[in-house]
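S.K.: Got a structure for you, upload33.pdb, holding PDB, C-alpha atoms.
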ATOM      1  CA  MET A   3      98.778 120.237  75.689
ATOM      2  CA  GLU A   4      99.163 120.560  79.432
ATOM      3  CA  SER A   5      99.196 123.889  81.187
ATOM      4  CA  VAL A   6     102.369 125.350  82.645
ATOM      5  CA  GLY A   7     100.939 125.075  86.164
ATOM      6  CA  SER A   8     100.338 121.348  85.712
ATOM      7  CA  ILE A   9     103.902 120.789  84.555
ATOM      8  CA  ILE A  10     105.284 122.834  87.462
ATOM      9  CA  MET A  11     103.140 120.833  89.902
ATOM     10  CA  TYR A  12     104.448 117.578  88.402
ATOM     11  CA  TRP A  13     108.054 118.688  88.921
ATOM     12  CA  ILE A  14     107.345 119.775  92.492
ATOM     13  CA  ILE A  15     105.825 116.364  93.265
ATOM     14  CA  ALA A  16     108.644 114.500  91.493
ATOM     15  CA  LEU A  17     111.353 116.461  93.314
ATOM     16  CA  SER A  18     109.665 115.924  96.675
ATOM     17  CA  ILE A  19     109.510 112.168  96.003
ATOM     18  CA  ILE A  20     113.225 112.145  95.146
ATOM     19  CA  VAL A  21     114.282 114.295  98.117
ATOM     20  CA  PHE A  22     112.219 112.414 100.700
ATOM     21  CA  SER A  23     113.309 109.043  99.285
ATOM     22  CA  VAL A  24     116.971 109.991  99.621
ATOM     23  CA  LEU A  25     116.368 111.338 103.133
ATOM     24  CA  THR A  26     114.579 108.085 104.053
ATOM     25  CA  VAL A  27     117.618 105.948 103.313
ATOM     26  CA  THR A  28     120.341 108.358 104.444
ATOM     27  CA  THR A  29     119.169 109.542 107.863
ATOM     28  CA  ARG A  30     120.604 107.731 110.868
ATOM     29  CA  LYS A  31     117.553 108.192 113.121
ATOM     30  CA  ILE A  32     115.124 105.371 112.419
ATOM     31  CA  LEU A  33     111.929 107.160 113.479
ATOM     32  CA  ARG A  34     112.856 110.133 111.317
ATOM     33  CA  SER A  35     113.418 107.711 108.443
ATOM     34  CA  ALA A  36     109.867 106.376 108.881
ATOM     35  CA  THR A  37     108.564 109.960 108.814
ATOM     36  CA  PHE A  38     110.400 110.685 105.565
ATOM     37  CA  LEU A  39     108.937 107.460 104.148
ATOM     38  CA  LEU A  40     105.478 108.759 105.063
ATOM     39  CA  PHE A  41     106.168 112.000 103.158
ATOM     40  CA  THR A  42     107.380 109.980 100.160
ATOM     41  CA  LEU A  43     104.184 107.930 100.154
ATOM     42  CA  PHE A  44     102.012 111.059 100.407
ATOM     43  CA  ALA A  45     103.871 112.629  97.480
ATOM     44  CA  THR A  46     103.349 109.440  95.469
ATOM     45  CA  ALA A  47      99.630 109.637  96.258
ATOM     46  CA  ALA A  48      99.640 113.256  95.070
ATOM     47  CA  LEU A  49     101.167 112.069  91.796
ATOM     48  CA  TYR A  50      98.400 109.477  91.423
ATOM     49  CA  PHE A  51      95.760 112.132  92.064
ATOM     50  CA  LYS A  52      97.402 114.403  89.500
ATOM     51  CA  LEU A  53      97.196 111.606  86.933
ATOM     52  CA  ASP A  54      93.460 111.206  87.731
ATOM     53  CA  TYR A  55      93.903 107.811  89.390
ATOM     54  CA  GLU A  56      91.733 108.647  92.383
ATOM     55  CA  PHE A  57      91.286 105.064  93.538
ATOM     56  CA  LEU A  58      95.017 104.330  93.433
ATOM     57  CA  GLY A  59      95.764 107.573  95.285
ATOM     58  CA  ALA A  60      93.228 106.737  97.983
ATOM     59  CA  VAL A  61      94.653 103.223  98.353
ATOM     60  CA  GLN A  62      98.164 104.686  98.559
ATOM     61  CA  ILE A  63      97.115 106.900 101.459
ATOM     62  CA  ALA A  64      94.942 104.358 103.260
ATOM     63  CA  VAL A  65      97.090 101.255 102.920
ATOM     64  CA  TYR A  66     100.662 102.483 102.658
ATOM     65  CA  ALA A  67     100.747 105.898 104.297
ATOM     66  CA  GLY A  68      98.150 104.885 106.874
ATOM     67  CA  GLY A  69      98.666 101.208 107.577
ATOM     68  CA  ILE A  70     102.202 100.238 106.637
ATOM     69  CA  VAL A  71     103.937 103.301 108.094
ATOM     70  CA  VAL A  72     101.958 102.907 111.337
ATOM     71  CA  LEU A  73     103.092  99.268 111.411
ATOM     72  CA  PHE A  74     106.707 100.373 110.861
ATOM     73  CA  VAL A  75     106.496 102.969 113.644
ATOM     74  CA  PHE A  76     104.857 100.432 115.959
ATOM     75  CA  SER A  77     107.664  97.964 115.238
ATOM     76  CA  ILE A  78     110.335 100.619 115.748
ATOM     77  CA  LEU A  79     108.884 101.673 119.088
ATOM     78  CA  LEU A  80     108.614  98.042 120.244
ATOM     79  CA  THR A  81     112.098  96.942 119.265
ATOM     80  CA  SER A  82     114.418  99.941 119.642
ATOM     81  CA  HIS A  83     114.889 103.333 121.184
ATOM     82  CA  PRO A  84     113.585 105.791 118.590
ATOM     83  CA  GLY A  85     115.895 108.662 119.549
ATOM     84  CA  ASP A  86     119.100 106.684 119.163
ATOM     85  CA  ASN A  87     121.279 107.002 116.102
ATOM     86  CA  SER A  88     121.870 103.850 114.132
ATOM     87  CA  GLU A  89     125.442 102.756 113.702
ATOM     88  CA  ARG A  90     127.254 103.916 110.648
ATOM     89  CA  LEU A  91     127.398 101.075 108.169
ATOM     90  CA  VAL A  92     130.874 100.268 106.937
ATOM     91  CA  SER A  93     131.127  98.057 103.915
ATOM     92  CA  LYS A  94     134.153  96.713 102.136
ATOM     93  CA  GLN A  95     132.069  96.325  98.986
ATOM     94  CA  ARG A  96     131.228 100.001  98.535
ATOM     95  CA  VAL A  97     132.699 100.057  95.025
ATOM     96  CA  LEU A  98     130.557  97.073  94.009
ATOM     97  CA  GLY A  99     127.475  98.826  95.402
ATOM     98  CA  MET A 100     128.263 102.008  93.480
ATOM     99  CA  VAL A 101     128.739 100.026  90.247
ATOM    100  CA  ALA A 102     125.395  98.250  90.810
ATOM    101  CA  ALA A 103     123.665 101.576  91.531
ATOM    102  CA  LEU A 104     125.158 103.148  88.401
ATOM    103  CA  ALA A 105     124.112 100.143  86.282
ATOM    104  CA  THR A 106     120.571 100.315  87.688
ATOM    105  CA  PHE A 107     120.404 104.049  87.042
ATOM    106  CA  THR A 108     121.579 103.486  83.446
ATOM    107  CA  VAL A 109     119.009 100.750  82.770
ATOM    108  CA  VAL A 110     116.153 102.782  84.290
ATOM    109  CA  GLY A 111     117.242 105.880  82.356
ATOM    110  CA  MET A 112     117.361 103.977  79.069
ATOM    111  CA  ALA A 113     113.925 102.459  79.728
ATOM    112  CA  LEU A 114     112.517 105.889  80.550
ATOM    113  CA  LEU A 115     113.970 107.456  77.420
ATOM    114  CA  ASN A 116     112.625 104.569  75.348
ATOM    115  CA  ARG A 117     109.169 105.002  76.875
ATOM    116  CA  VAL A 118     109.190 108.761  76.298
ATOM    117  CA  GLY A 119     110.227 108.166  72.685
ATOM    118  CA  GLN A 120     107.337 105.744  72.195
ATOM    119  CA  ALA A 121     104.911 108.197  73.785
ATOM    120  CA  LEU A 122     105.964 110.894  71.354
ATOM    121  CA  VAL A 123     105.266 108.598  68.409
ATOM    122  CA  SER A 124     101.870 107.235  69.440
ATOM    123  CA  MET A 125     100.122 106.542  72.679
ATOM    124  CA  PRO A 126      96.740 104.829  72.827
ATOM    125  CA  GLU A 127      93.925 106.522  74.696
ATOM    126  CA  MET A 128      93.483 104.975  78.128
ATOM    127  CA  ALA A 129      90.305 104.833  80.160
ATOM    128  CA  ASN A 130      89.979 104.526  83.923
ATOM    129  CA  PRO A 131      88.307 101.287  85.008
ATOM    130  CA  LYS A 132      85.042 101.491  86.909
ATOM    131  CA  MET A 133      85.052 100.951  90.681
ATOM    132  CA  GLU A 134      82.965  97.794  90.259
ATOM    133  CA  GLU A 135      85.648  96.255  88.007
ATOM    134  CA  ILE A 136      88.382  97.134  90.489
ATOM    135  CA  GLY A 137      86.385  95.672  93.383
ATOM    136  CA  LYS A 138      85.728  92.420  91.531
ATOM    137  CA  ALA A 139      89.408  92.099  90.581
ATOM    138  CA  LEU A 140      90.600  92.736  94.147
ATOM    139  CA  MET A 141      88.047  90.660  96.034
ATOM    140  CA  GLY A 142      87.276  87.917  93.510
ATOM    141  CA  THR A 143      88.419  84.315  93.744
ATOM    142  CA  GLY A 144      88.732  83.559  90.026
ATOM    143  CA  GLN A 145      91.739  83.660  87.742
ATOM    144  CA  TYR A 146      93.659  86.979  87.878
ATOM    145  CA  GLN A 147      91.773  88.044  90.992
ATOM    146  CA  TYR A 148      93.451  88.859  94.279
ATOM    147  CA  LEU A 149      91.472  87.689  97.312
ATOM    148  CA  LEU A 150      93.882  84.863  98.181
ATOM    149  CA  PRO A 151      97.086  87.005  98.040
ATOM    150  CA  PHE A 152      95.277  89.727 100.004
ATOM    151  CA  GLU A 153      94.404  87.272 102.769
ATOM    152  CA  ALA A 154      97.919  85.774 102.732
ATOM    153  CA  ILE A 155      99.433  89.219 103.238
ATOM    154  CA  SER A 156      97.062  89.943 106.131
ATOM    155  CA  VAL A 157      98.172  86.695 107.846
ATOM    156  CA  LEU A 158     101.823  87.655 107.229
ATOM    157  CA  LEU A 159     101.285  91.099 108.787
ATOM    158  CA  LEU A 160      99.573  89.506 111.792
ATOM    159  CA  ALA A 161     102.564  87.171 112.222
ATOM    160  CA  CYS A 162     104.907  90.183 112.073
ATOM    161  CA  ILE A 163     102.939  91.996 114.775
ATOM    162  CA  ILE A 164     102.948  88.912 117.012
ATOM    163  CA  GLY A 165     106.691  88.487 116.408
ATOM    164  CA  GLY A 166     107.293  92.141 117.311
ATOM    165  CA  VAL A 167     105.351  91.764 120.558
ATOM    166  CA  VAL A 168     107.285  88.584 121.438
ATOM    167  CA  VAL A 169     110.631  90.298 120.765
ATOM    168  CA  ALA A 170     109.594  93.340 122.803
ATOM    169  CA  ARG A 171     108.423  91.222 125.763
ATOM    170  CA  LYS A 172     111.798  89.433 125.941
ATOM    171  CA  ARG A 173     113.495  92.775 126.555
TER     172      ARG A 173
END
Go through the file and emit its structure as structure tokens.

M.R.:
Amino acid sequence: MESVGSIIMYWIIALSIIVFSVLTVTTRKILRSATFLLFTLFATAALYFKLDYEFLGAVQIAVYAGGIVVLFVFSILLTSHPGDNSERLVSKQRVLGMVAALATFTVVGMALLNRVGQALVSMPEMANPKMEEIGKALMGTGQYQYLLPFEAISVLLLACIIGGVVVARKR
């Protein structure tokens, strides 16, 4: 049984993820949106640390909060004026979007309730993998190992940076 403080901490982290996620997509200032995304990623890392997934939490901070958000901010500063408000989006398909959002919310809610119901019945004991196993899986070249996708993503990010510089130089 978890302590009351642990449950309260979980709800604080979960609410901060929800609030910052909503603020990320609703603010009209693009640099502020990137800042809210950073807070969302930090809160997600806090959730990983709370679940005792130290490696995943560290990767969340280093790769996403550190690298990806810096890349976003760099791109924003190269391609637009960060203090300007974005235009208000007007869509004629707002009803369709609301129906899709409601359907997604319903499916995710049903999946969550199903998962919670299964966890109440029986949940197998899980063990954290060793760092050596994680390293071999990430940097190996065999089947179900991720060196090739990792390198492909690094080339893609390099192409994005070069494209951002080219776009900025034309202005």

S.K.: Evaluate the PyMOL selection byres ((chain A and resi 52) around 12) against this structure - the residues, as a ChimeraX atom specification, please.

M.R.: /A:4,7-16,45-51,53-59

S.K.: Exactly which residues make up the result of the PyMOL selection byres ((chain A and resi 39) around 12) on this file, given as a tab-separated table (two decimals) with C-alpha atoms, in the coordinates of the input?

M.R.:
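The resulting result_11.tsv:
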chain	number	residue	atom	x	y	z
A	18	SER	CA	109.66	115.92	96.68
A	19	ILE	CA	109.51	112.17	96.00
A	20	ILE	CA	113.22	112.14	95.15
A	21	VAL	CA	114.28	114.30	98.12
A	22	PHE	CA	112.22	112.41	100.70
A	23	SER	CA	113.31	109.04	99.28
A	24	VAL	CA	116.97	109.99	99.62
A	25	LEU	CA	116.37	111.34	103.13
A	26	THR	CA	114.58	108.08	104.05
A	27	VAL	CA	117.62	105.95	103.31
A	28	THR	CA	120.34	108.36	104.44
A	29	THR	CA	119.17	109.54	107.86
A	32	ILE	CA	115.12	105.37	112.42
A	33	LEU	CA	111.93	107.16	113.48
A	34	ARG	CA	112.86	110.13	111.32
A	35	SER	CA	113.42	107.71	108.44
A	36	ALA	CA	109.87	106.38	108.88
A	37	THR	CA	108.56	109.96	108.81
A	38	PHE	CA	110.40	110.68	105.56
A	40	LEU	CA	105.48	108.76	105.06
A	41	PHE	CA	106.17	112.00	103.16
A	42	THR	CA	107.38	109.98	100.16
A	43	LEU	CA	104.18	107.93	100.15
A	44	PHE	CA	102.01	111.06	100.41
A	45	ALA	CA	103.87	112.63	97.48
A	46	THR	CA	103.35	109.44	95.47
A	66	TYR	CA	100.66	102.48	102.66
A	67	ALA	CA	100.75	105.90	104.30
A	68	GLY	CA	98.15	104.88	106.87
A	70	ILE	CA	102.20	100.24	106.64
A	71	VAL	CA	103.94	103.30	108.09
A	72	VAL	CA	101.96	102.91	111.34
A	74	PHE	CA	106.71	100.37	110.86
A	75	VAL	CA	106.50	102.97	113.64

S.K.: For CA of Gly166 in chain A and CA of Leu149 in chain A, determine how far apart the two atoms are, in Å to one decimal place.

M.R.: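 Separation between CA of Gly166 in chain A and CA of Leu149 in chain A: 25.9 Å.
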
S.K.: Kindly resolve the PyMOL selection byres ((chain A and resi 170) around 12) on the present coordinates and return the residues as a list of chain:residue names.

M.R.: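 On this input, the PyMOL selection byres ((chain A and resi 170) around 12) captures A:Phe76, A:Ser77, A:Ile78, A:Leu79, A:Leu80, A:Thr81, A:Ser82, A:His83, A:Ile163, A:Ile164, A:Gly165, A:Gly166, A:Val167, A:Val168, A:Val169, A:Arg171, A:Lys172, A:Arg173.
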